[in-house]
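Visitor: Here you go, coords_26.tsv (TSV, C-alpha atoms and all ligand atoms):
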chain	number	residue	atom	x	y	z
A	1	MET	CA	-0.65	-5.81	24.16
A	2	ILE	CA	-1.32	-6.43	20.47
A	3	ASP	CA	0.93	-8.85	18.59
A	4	VAL	CA	1.12	-6.98	15.26
A	5	SER	CA	2.67	-9.88	13.34
A	6	ALA	CA	-0.13	-12.20	14.46
A	7	TYR	CA	-2.73	-9.52	13.65
A	8	LEU	CA	-1.32	-8.99	10.14
A	9	ALA	CA	-1.04	-12.76	9.60
A	10	ALA	CA	-4.66	-13.39	10.67
A	11	HIS	CA	-6.02	-10.74	8.30
A	12	ALA	CA	-3.64	-11.82	5.52
A	13	LYS	CA	-5.03	-15.36	5.81
A	14	ARG	CA	-8.60	-14.17	5.23
A	15	VAL	CA	-7.51	-12.04	2.29
A	16	ASP	CA	-5.32	-14.75	0.75
A	17	GLU	CA	-8.15	-17.28	0.95
A	18	MET	CA	-10.51	-14.93	-0.85
A	19	LEU	CA	-7.91	-14.00	-3.46
A	20	GLU	CA	-7.11	-17.68	-4.09
A	21	ARG	CA	-10.81	-18.46	-4.46
A	22	PHE	CA	-11.39	-15.51	-6.73
A	23	LEU	CA	-8.44	-16.37	-8.96
A	24	SER	CA	-9.46	-20.03	-9.19
A	25	MET	CA	-13.00	-19.05	-10.28
A	26	TYR	CA	-11.74	-17.32	-13.39
A	27	GLU	CA	-12.46	-19.27	-16.52
A	28	GLY	CA	-10.75	-18.96	-19.85
A	29	VAL	CA	-7.56	-17.36	-18.51
A	30	PRO	CA	-4.59	-18.64	-20.55
A	31	ASP	CA	-2.45	-20.95	-18.37
A	32	GLY	CA	0.71	-18.83	-18.60
A	33	LEU	CA	-1.14	-15.66	-17.61
A	34	HIS	CA	-2.89	-17.44	-14.76
A	35	GLU	CA	0.45	-18.66	-13.44
A	36	ALA	CA	1.95	-15.16	-13.65
A	37	LEU	CA	-1.07	-13.61	-11.89
A	38	HIS	CA	-0.74	-16.17	-9.11
A	39	TYR	CA	3.00	-15.56	-8.89
A	40	SER	CA	2.45	-11.82	-8.48
A	41	LEU	CA	0.04	-12.31	-5.57
A	42	PHE	CA	1.54	-15.24	-3.65
A	43	PRO	CA	3.33	-15.30	-1.36
A	44	GLY	CA	2.24	-11.81	-0.46
A	45	GLY	CA	4.01	-9.01	1.32
A	46	LYS	CA	2.80	-7.48	4.56
A	47	ARG	CA	-0.81	-7.15	3.31
A	48	LEU	CA	-0.86	-3.82	5.14
A	49	ARG	CA	-3.62	-2.11	3.16
A	50	PRO	CA	-6.08	-4.97	3.66
A	51	ALA	CA	-5.25	-5.05	7.38
A	52	LEU	CA	-5.98	-1.33	7.59
A	53	ALA	CA	-9.33	-1.69	5.83
A	54	LEU	CA	-10.33	-4.68	7.97
A	55	GLY	CA	-9.03	-3.01	11.13
A	56	ALA	CA	-10.96	0.21	10.50
A	57	CYS	CA	-14.10	-1.80	9.84
A	58	GLU	CA	-13.62	-3.67	13.12
A	59	VAL	CA	-13.22	-0.40	14.99
A	60	VAL	CA	-16.64	0.86	13.94
A	61	CYS	CA	-18.68	-2.36	13.92
A	62	GLY	CA	-16.65	-5.02	15.73
A	63	ASP	CA	-16.41	-7.24	12.66
A	64	PRO	CA	-13.92	-7.14	9.75
A	65	ALA	CA	-16.13	-9.17	7.38
A	66	PRO	CA	-18.00	-6.27	5.69
A	67	ALA	CA	-14.65	-4.92	4.43
A	68	LEU	CA	-13.21	-8.18	3.11
A	69	HIS	CA	-13.97	-7.59	-0.59
A	70	ALA	CA	-12.59	-4.07	-0.43
A	71	ALA	CA	-9.49	-5.37	1.38
A	72	CYS	CA	-8.88	-7.81	-1.48
A	73	ALA	CA	-9.46	-5.10	-4.08
A	74	LEU	CA	-6.89	-2.87	-2.36
A	75	GLU	CA	-4.30	-5.64	-2.36
A	76	LEU	CA	-4.97	-6.38	-6.05
A	77	ILE	CA	-4.43	-2.70	-6.88
A	78	HIS	CA	-1.34	-2.50	-4.70
A	79	THR	CA	0.13	-5.61	-6.34
A	80	TYR	CA	-0.57	-4.26	-9.83
A	81	SER	CA	1.24	-1.06	-8.88
A	82	LEU	CA	4.28	-2.99	-7.68
A	83	VAL	CA	4.39	-5.15	-10.82
A	84	HIS	CA	4.26	-2.07	-13.05
A	85	ASP	CA	6.62	-0.07	-10.83
A	86	ASP	CA	9.25	-2.82	-11.16
A	87	LEU	CA	9.22	-2.65	-14.99
A	88	PRO	CA	12.35	-1.41	-16.79
A	89	CYS	CA	10.49	1.73	-17.94
A	90	MET	CA	9.77	2.62	-14.30
A	91	ASP	CA	11.99	1.57	-11.38
A	92	ASP	CA	13.62	-1.35	-13.20
A	93	ASP	CA	13.83	-3.80	-10.33
A	94	ALA	CA	14.86	-7.45	-10.43
A	95	ILE	CA	13.80	-8.49	-6.90
A	96	ARG	CA	10.48	-8.00	-5.14
A	97	ARG	CA	9.40	-9.69	-1.92
A	98	GLY	CA	12.61	-11.72	-2.10
A	99	LEU	CA	11.79	-13.22	-5.51
A	100	ALA	CA	12.39	-12.36	-9.15
A	101	THR	CA	10.07	-9.57	-10.27
A	102	VAL	CA	7.23	-10.58	-12.59
A	103	HIS	CA	8.88	-9.18	-15.73
A	104	LYS	CA	12.16	-10.93	-14.91
A	105	LYS	CA	10.36	-14.24	-14.60
A	106	TYR	CA	7.69	-13.95	-17.30
A	107	GLY	CA	8.82	-11.11	-19.55
A	108	GLU	CA	7.79	-7.48	-19.84
A	109	ALA	CA	4.68	-7.94	-21.93
A	110	THR	CA	3.26	-10.48	-19.49
A	111	ALA	CA	4.08	-8.19	-16.54
A	112	VAL	CA	2.17	-5.31	-18.15
A	113	LEU	CA	-0.79	-7.63	-18.70
A	114	VAL	CA	-0.59	-9.01	-15.14
A	115	GLY	CA	-0.86	-5.44	-13.81
A	116	ASP	CA	-3.76	-4.67	-16.15
A	117	GLY	CA	-5.48	-7.91	-15.17
A	118	LEU	CA	-5.05	-7.31	-11.43
A	119	GLN	CA	-6.56	-3.87	-11.74
A	120	ALA	CA	-9.61	-5.16	-13.60
A	121	MET	CA	-9.98	-7.95	-11.02
A	122	ALA	CA	-9.91	-5.38	-8.21
A	123	PHE	CA	-12.92	-3.56	-9.57
A	124	GLU	CA	-14.70	-6.81	-10.30
A	125	VAL	CA	-14.26	-7.87	-6.64
A	126	LEU	CA	-15.66	-4.51	-5.61
A	127	THR	CA	-18.88	-5.14	-7.50
A	128	HIS	CA	-19.62	-7.79	-4.87
A	129	VAL	CA	-20.01	-4.97	-2.37
A	130	ARG	CA	-23.02	-2.87	-3.20
A	131	ALA	CA	-21.24	0.33	-2.29
A	132	ALA	CA	-20.69	2.49	-5.33
A	133	LEU	CA	-19.17	5.28	-3.26
A	134	VAL	CA	-16.46	2.96	-1.90
A	135	ALA	CA	-15.66	1.76	-5.43
A	136	ARG	CA	-15.54	5.34	-6.66
A	137	GLU	CA	-13.23	6.46	-3.87
A	138	ILE	CA	-10.91	3.51	-4.46
A	139	ALA	CA	-10.85	4.31	-8.20
A	140	GLN	CA	-10.07	7.95	-7.41
A	141	ALA	CA	-7.33	7.05	-4.92
A	142	SER	CA	-5.65	4.64	-7.31
A	143	GLY	CA	-6.18	6.58	-10.55
A	144	PRO	CA	-4.65	9.68	-12.14
A	145	GLY	CA	-5.71	11.91	-9.24
A	146	GLY	CA	-4.13	9.47	-6.78
A	147	MET	CA	-1.54	6.70	-7.07
A	148	VAL	CA	-1.07	6.92	-10.85
A	149	GLY	CA	-0.68	10.71	-10.63
A	150	GLY	CA	1.89	10.30	-7.85
A	151	GLN	CA	3.83	7.79	-9.90
A	152	TYR	CA	3.80	10.24	-12.82
A	153	LEU	CA	5.24	13.00	-10.59
A	154	ASP	CA	7.83	10.55	-9.29
A	155	VAL	CA	9.00	9.55	-12.78
A	156	GLU	CA	8.96	13.18	-13.90
A	157	SER	CA	11.00	14.39	-10.93
A	158	GLU	CA	13.77	11.84	-11.31
A	159	GLY	CA	17.27	13.24	-11.63
A	160	HIS	CA	16.60	16.65	-10.16
A	161	ARG	CA	15.81	18.06	-6.75
A	162	ILE	CA	12.28	19.11	-6.00
A	163	PRO	CA	11.21	21.04	-2.87
A	164	LEU	CA	9.88	19.21	0.18
A	165	GLU	CA	6.37	20.49	-0.44
A	166	GLN	CA	6.33	18.80	-3.85
A	167	VAL	CA	7.76	15.61	-2.37
A	168	ARG	CA	4.95	15.67	0.15
A	169	ARG	CA	2.39	16.01	-2.65
A	170	LEU	CA	4.02	13.22	-4.64
A	171	HIS	CA	3.95	10.90	-1.61
A	172	ARG	CA	0.40	11.85	-0.70
A	173	LEU	CA	-0.68	10.70	-4.14
A	174	LYS	CA	1.66	7.79	-4.83
A	175	THR	CA	1.46	5.95	-1.52
A	176	GLY	CA	-0.76	7.97	0.78
A	177	ALA	CA	-3.96	7.91	-1.25
A	178	LEU	CA	-4.31	4.10	-1.22
A	179	ILE	CA	-3.53	3.83	2.51
A	180	ARG	CA	-5.98	6.64	3.27
A	181	VAL	CA	-8.74	5.05	1.21
A	182	ALA	CA	-8.08	1.70	2.91
A	183	THR	CA	-9.08	2.95	6.36
A	184	ARG	CA	-11.81	5.17	4.91
A	185	SER	CA	-13.38	2.27	2.98
A	186	GLY	CA	-13.20	-0.01	6.01
A	187	ALA	CA	-14.95	2.63	8.12
A	188	ARG	CA	-17.61	3.18	5.45
A	189	LEU	CA	-18.29	-0.52	4.94
A	190	GLY	CA	-18.57	-1.01	8.71
A	191	LYS	CA	-21.24	1.68	8.61
A	192	GLY	CA	-19.30	4.10	10.78
A	193	THR	CA	-20.77	7.49	11.59
A	194	PRO	CA	-19.49	10.49	9.56
A	195	THR	CA	-17.33	11.47	12.57
A	196	GLN	CA	-15.83	7.98	12.77
A	197	ILE	CA	-15.22	7.84	9.01
A	198	SER	CA	-13.52	11.22	9.17
A	199	ALA	CA	-11.30	10.19	12.14
A	200	LEU	CA	-10.24	6.96	10.44
A	201	THR	CA	-9.55	8.85	7.21
A	202	GLN	CA	-7.29	11.23	9.16
A	203	TYR	CA	-5.55	8.26	10.73
A	204	GLY	CA	-4.96	6.73	7.29
A	205	GLU	CA	-3.69	10.00	5.91
A	206	HIS	CA	-1.06	10.51	8.63
A	207	LEU	CA	-0.14	6.84	8.58
A	208	GLY	CA	0.39	7.00	4.81
A	209	LEU	CA	2.87	9.83	5.27
A	210	ALA	CA	4.69	8.00	8.09
A	211	PHE	CA	4.82	4.88	5.90
A	212	GLN	CA	6.35	6.71	2.97
A	213	ILE	CA	8.96	8.57	5.05
A	214	VAL	CA	10.00	5.24	6.58
A	215	ASP	CA	10.12	3.74	3.08
A	216	ASP	CA	12.53	6.51	2.07
A	217	ILE	CA	14.61	5.90	5.21
A	218	LEU	CA	14.71	2.14	4.57
A	219	ASP	CA	15.88	2.75	1.03
A	220	GLU	CA	18.76	4.71	2.55
A	221	ILE	CA	19.72	2.47	5.47
A	222	GLY	CA	17.69	-0.74	5.13
A	223	ASP	CA	18.95	-4.29	4.88
A	224	ASP	CA	18.28	-5.78	1.41
A	225	ASP	CA	17.91	-9.30	2.78
A	226	VAL	CA	15.34	-8.26	5.38
A	227	MET	CA	13.43	-6.08	2.89
A	228	GLY	CA	13.47	-8.59	0.04
A	229	LYS	CA	14.32	-5.84	-2.44
A	230	ARG	CA	17.25	-3.66	-3.43
A	231	SER	CA	17.95	-0.56	-1.35
A	232	GLY	CA	19.95	2.56	-2.25
A	233	LYS	CA	17.96	3.05	-5.48
A	234	ASP	CA	16.67	6.49	-4.57
A	235	ARG	CA	20.12	7.91	-3.98
A	236	ALA	CA	21.47	6.25	-7.15
A	237	ARG	CA	18.68	7.91	-9.14
A	238	ASN	CA	19.11	11.21	-7.37
A	239	LYS	CA	15.54	11.09	-6.09
A	240	SER	CA	14.23	13.79	-3.80
A	241	THR	CA	13.46	11.71	-0.73
A	242	TYR	CA	12.93	12.82	2.85
A	243	PRO	CA	16.45	11.77	3.98
A	244	ALA	CA	17.96	13.46	0.91
A	245	LEU	CA	16.12	16.73	1.55
A	246	VAL	CA	16.07	17.04	5.34
A	247	GLY	CA	18.64	14.49	6.54
A	248	LEU	CA	18.14	11.14	8.23
A	249	ASN	CA	17.49	12.41	11.76
A	250	GLU	CA	14.89	14.95	10.70
A	251	ALA	CA	13.24	12.35	8.44
A	252	GLN	CA	13.00	10.03	11.44
A	253	ARG	CA	11.51	12.82	13.55
A	254	LEU	CA	8.95	13.60	10.84
A	255	ALA	CA	7.96	9.93	10.64
A	256	GLN	CA	7.39	9.89	14.42
A	257	GLU	CA	5.40	13.12	14.16
A	258	ALA	CA	3.16	11.68	11.44
A	259	LYS	CA	2.66	8.54	13.55
A	260	ASP	CA	1.73	10.68	16.58
A	261	ARG	CA	-0.84	12.51	14.46
A	262	ALA	CA	-2.24	9.18	13.30
A	263	LEU	CA	-2.59	8.13	16.94
A	264	GLN	CA	-4.25	11.44	17.85
A	265	ALA	CA	-6.87	10.80	15.16
A	266	LEU	CA	-7.84	7.65	17.06
A	267	ALA	CA	-8.23	9.47	20.41
A	268	ALA	CA	-12.02	9.14	20.51
A	269	PHE	CA	-11.92	5.35	20.07
A	270	GLY	CA	-11.53	2.83	22.87
A	271	PRO	CA	-9.52	-0.39	23.05
A	272	ASN	CA	-11.14	-1.67	19.85
A	273	ALA	CA	-8.75	0.69	18.01
A	274	ASP	CA	-5.69	-0.82	19.73
A	275	PRO	CA	-4.77	-2.91	16.66
A	276	LEU	CA	-4.67	0.27	14.55
A	277	ARG	CA	-2.57	1.97	17.23
A	278	ALA	CA	-0.17	-0.97	17.17
A	279	LEU	CA	-0.06	-0.88	13.35
A	280	ALA	CA	0.96	2.80	13.48
A	281	GLN	CA	3.82	1.90	15.80
A	282	TYR	CA	4.75	-1.00	13.54
A	283	VAL	CA	4.83	1.21	10.45
A	284	VAL	CA	7.51	3.48	11.93
A	285	GLU	CA	9.50	0.64	13.48
A	286	ARG	CA	9.37	-1.78	10.54
A	287	ARG	CA	12.52	-3.03	8.86
A	288	ARG	CA	10.88	-4.17	5.62
B	1	LIG	C1	2.96	1.90	-11.38
B	1	LIG	C2	0.72	3.07	-11.30
B	1	LIG	C3	1.95	2.67	-10.64
B	1	LIG	C4	2.13	3.04	-9.38
B	1	LIG	C5	3.24	2.64	-8.58
B	1	LIG	C6	3.05	2.24	-5.11
B	1	LIG	C7	3.87	2.57	-6.27
B	1	LIG	C8	3.21	3.37	-7.31
B	1	LIG	C9	5.13	2.14	-6.46
B	1	LIG	C10	5.84	1.27	-5.51
B	1	LIG	C11	7.21	1.81	-5.33
B	1	LIG	C12	7.47	2.07	-3.94
B	1	LIG	C13	8.60	1.34	-3.34
B	1	LIG	C14	6.72	2.93	-3.29
B	1	LIG	C15	6.94	3.23	-1.90
B	1	LIG	C16	5.90	2.72	-0.98
B	1	LIG	C17	5.45	1.36	-1.28
B	1	LIG	C18	4.18	1.25	-2.00
B	1	LIG	C19	6.14	0.32	-0.86
B	1	LIG	C20	5.72	-1.07	-1.05
B	1	LIG	O1	4.62	-1.34	-0.25
B	1	LIG	P1	4.68	-2.41	0.93
B	1	LIG	O2	5.90	-2.16	1.76
B	1	LIG	O3	4.90	-3.75	0.08
B	1	LIG	O4	3.38	-2.42	1.63
B	1	LIG	P2	4.51	-5.26	0.41
B	1	LIG	O5	5.51	-6.07	-0.39
B	1	LIG	O6	4.64	-5.49	1.89
B	1	LIG	O7	3.14	-5.45	-0.08
Show me this structure written as structure tokens.
Ligand code: GRG
Guide:
Amino acid sequence: MIDVSAYLAAHAKRVDEMLERFLSMYEGVPDGLHEALHYSLFPGGKRLRPALALGACEVVCGDPAPALHAACALELIHTYSLVHDDLPCMDDDAIRRGLATVHKKYGEATAVLVGDGLQAMAFEVLTHVRAALVAREIAQASGPGGMVGGQYLDVESEGHRIPLEQVRRLHRLKTGALIRVATRSGARLGKGTPTQISALTQYGEHLGLAFQIVDDILDEIGDDDVMGKRSGKDRARNKSTYPALVGLNEAQRLAQEAKDRALQALAAFGPNADPLRALAQYVVERRR
């Protein structure tokens, strides 16, 4: 039986140590910006994307180490997206991970620069891995054809209903692409076979959808204190979420279905994929 919290914590520790080291190596960063960068990264959230990259790498080669730089890059990109998403021109949030958002603490201009800086750092970390294809796929997943494109669709769709198919596309880009590329990169860096890389990509894809549906559900029924952020925003902004479009029960069923598909994608793997199986369960059962 896998203890998911312990698994996430163990991988988060590796990632946090590397991120701390990387941040401390930077020279010439103005003190105030350095402090704000550090504030944005620590303490972290669940560190889910790094755990997925490290976990997928372990599945194919028994060792998470080859994926450590990519895991850090993914968390840097994820953190930049949260900092920018919290800005008044986007979701306008005051609380993130139980603390004041970066722009509330350091001002909007600094928050924009923190996001920009984190993104540049992500691709610098990736240069330590001589794997241009991994860097390219992460750039594609996080850029205009991935996360940034999804965020654009999200902002554009605010205030009016869009059909479920468009919501699915929006989610696939905004949240799904980074989760998918996390497992895919881990599998690539662990030198998985094409079949293994494809299976772990499928797993990431279904897990990304399950994650986003649960995120929508938590926004509807979640506990602000447990989540460390404000809920009910989607409804207030008349966003087309899964619960809004298909109802809570059906949204919960779809999240389970996506999780089951993620598990099916792992069918050919043995017990070494148990942590990823447990993470899929965790994603649909999580409360934050
Ligand atoms: C601003 C370019 C740009 C993109 C923003 C990811 C994103 C796109 C916005 C975040 C808004 C949001 C709540 C999206 C839903 C899914 C999501 C990414 C939730 C937060 O991720 P967690 O739960 O966060 O993994 P922690 O704090 O655990 O790291």
Visitor: Can you pull out the residues contacting Arg188 (chain A)? Cut-off 8 Å, using all atoms listed in the file, and skip same-chain residues under 6 positions away; I want them as JSON, numbers by chain.
Guide: {"A": [57, 134, 197]}
Visitor: So which residues touch region 140-149 of chain A within 7 Å, counting all atoms listed in the file, skipping near sequence neighbours fewer than 6 positions away, as a list in words?
Guide: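 After dropping sequence-adjacent residues, the list is Leu173, Lys174, Thr175, Ala177, Leu178 and Val181 of chain A.
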Visitor: Tell me which of A:Arg136, A:Asn238, A:Leu248, A:Ile95 sits closest to Asp224 (chain A), counting all atoms listed in the file.
Guide: A:Ile95
Visitor: CA of Ala267 (chain A) and CA of Leu52 (chain A) are how many Å apart?
Guide: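 We find that CA of Ala267 (chain A) and CA of Leu52 (chain A) lie 16.9 Å from each other.
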Visitor: Hey, what's within 12 Å of Lys191 (chain A) if we count all atoms listed in the file and toss same-chain stuff fewer than 3 positions away? As a VMD selection string, please?
Guide: chain A and resid 56 to 64 66 to 67 131 134 184 to 188 194 to 197
Visitor: Please identify all protein, DNA and RNA residues within 7 Å of ligand LIG 1 (chain B), counting only C-alpha atoms and all ligand atoms, and report them as number ranges by chain.
Guide: A: 44-48, 78-79, 81-82, 84-85, 97, 147-148, 151, 174-175, 212, 215, 288
Visitor: Grab the CA of Ala273 (chain A) to CA of Ala71 (chain A) distance for me, in Å with one decimal place.
Guide: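 Between these atoms lies a distance of 17.7 Å.
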Visitor: Pick out the residues sitting within 8 Å of region 1-16 of chain A, and hand them over as a list in words; count all atoms listed in the file, and ignore anything fewer than 6 positions along from it in its own chain.
Guide: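 My list of contacting residues is Lys46, Arg47, Leu48, Pro50, Ala51, Leu54, Leu68, Ala71, Cys72, Asp274, Pro275, Ala278, Leu279 and Tyr282 of chain A.
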Visitor: Neighbours of region 106-113 of chain A within 10 Å (all atoms listed in the file; same-chain residues fewer than 6 positions away dropped), as a JSON list (two decimals) with C-alpha atoms, keeping the file's coordinate frame?
Guide:
[["chain", "number", "residue", "atom", "x", "y", "z"],
["A", 32, "GLY", "CA", 0.71, -18.83, -18.60],
["A", 33, "LEU", "CA", -1.14, -15.66, -17.61],
["A", 35, "GLU", "CA", 0.45, -18.66, -13.44],
["A", 36, "ALA", "CA", 1.95, -15.16, -13.65],
["A", 37, "LEU", "CA", -1.07, -13.61, -11.89],
["A", 39, "TYR", "CA", 3.00, -15.56, -8.89],
["A", 40, "SER", "CA", 2.45, -11.82, -8.48],
["A", 80, "TYR", "CA", -0.57, -4.26, -9.83],
["A", 83, "VAL", "CA", 4.39, -5.15, -10.82],
["A", 84, "HIS", "CA", 4.26, -2.07, -13.05],
["A", 86, "ASP", "CA", 9.25, -2.82, -11.16],
["A", 87, "LEU", "CA", 9.22, -2.65, -14.99],
["A", 88, "PRO", "CA", 12.35, -1.41, -16.79],
["A", 89, "CYS", "CA", 10.49, 1.73, -17.94],
["A", 100, "ALA", "CA", 12.39, -12.36, -9.15],
["A", 119, "GLN", "CA", -6.56, -3.87, -11.74]]
Visitor: In Å, how far is it from CA of Arg180 (chain A) to CA of Glu20 (chain A)?
Guide: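 Taking CA of Arg180 (chain A) and CA of Glu20 (chain A), their separation equals 25.4 Å.
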Visitor: Using only C-alpha atoms, which of the listed residues (A:Asn249, A:Gln264, A:Ser240, A:Thr193) sits closest to Arg161 (chain A)?
Guide: A:Ser240
Visitor: Which of these, A:Gln202, A:Thr127, A:Thr241, A:Thr183, has the shortest distance to Ser157 (chain A) once you count all atoms listed in the file?
Guide: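 Selected residue with least distance to Ser157 (chain A): A:Thr241.
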Visitor: Just checking: using only C-alpha atoms, which residue out of A:Ala70, A:Leu207, A:Leu276, A:Val29 ends up closest to Gly190 (chain A)?
Guide: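 Of A:Ala70, A:Leu207, A:Leu276, A:Val29, the one nearest Gly190 (chain A) is A:Ala70, counting only C-alpha atoms.
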Visitor: Return as lines of an AutoDock Vina configuration file the box centre and box size in Å, one decimal, for an axis-aligned box around all listed atoms of region 87-99 of chain A padded by 8 Å per side.
Guide:
center_x = 12.0
center_y = -5.3
center_z = -9.9
size_x = 21.6
size_y = 31.8
size_z = 32.0
Visitor: Which is closest to Arg277 (chain A) among A:Gly55, A:Asp91, A:Gln252, A:Gly192, if we use only C-alpha atoms?
Guide: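 Closest to Arg277 (chain A) of all the choices is A:Gly55.
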Visitor: Out of A:Arg237, A:His206, A:Arg130, A:Arg96, which residue has the shortest atom-to-atom distance to Asp154 (chain A) when counting all atoms listed in the file?
Guide: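 Once distances to Asp154 (chain A) are computed over all atoms listed in the file, the minimum belongs to A:Arg237.
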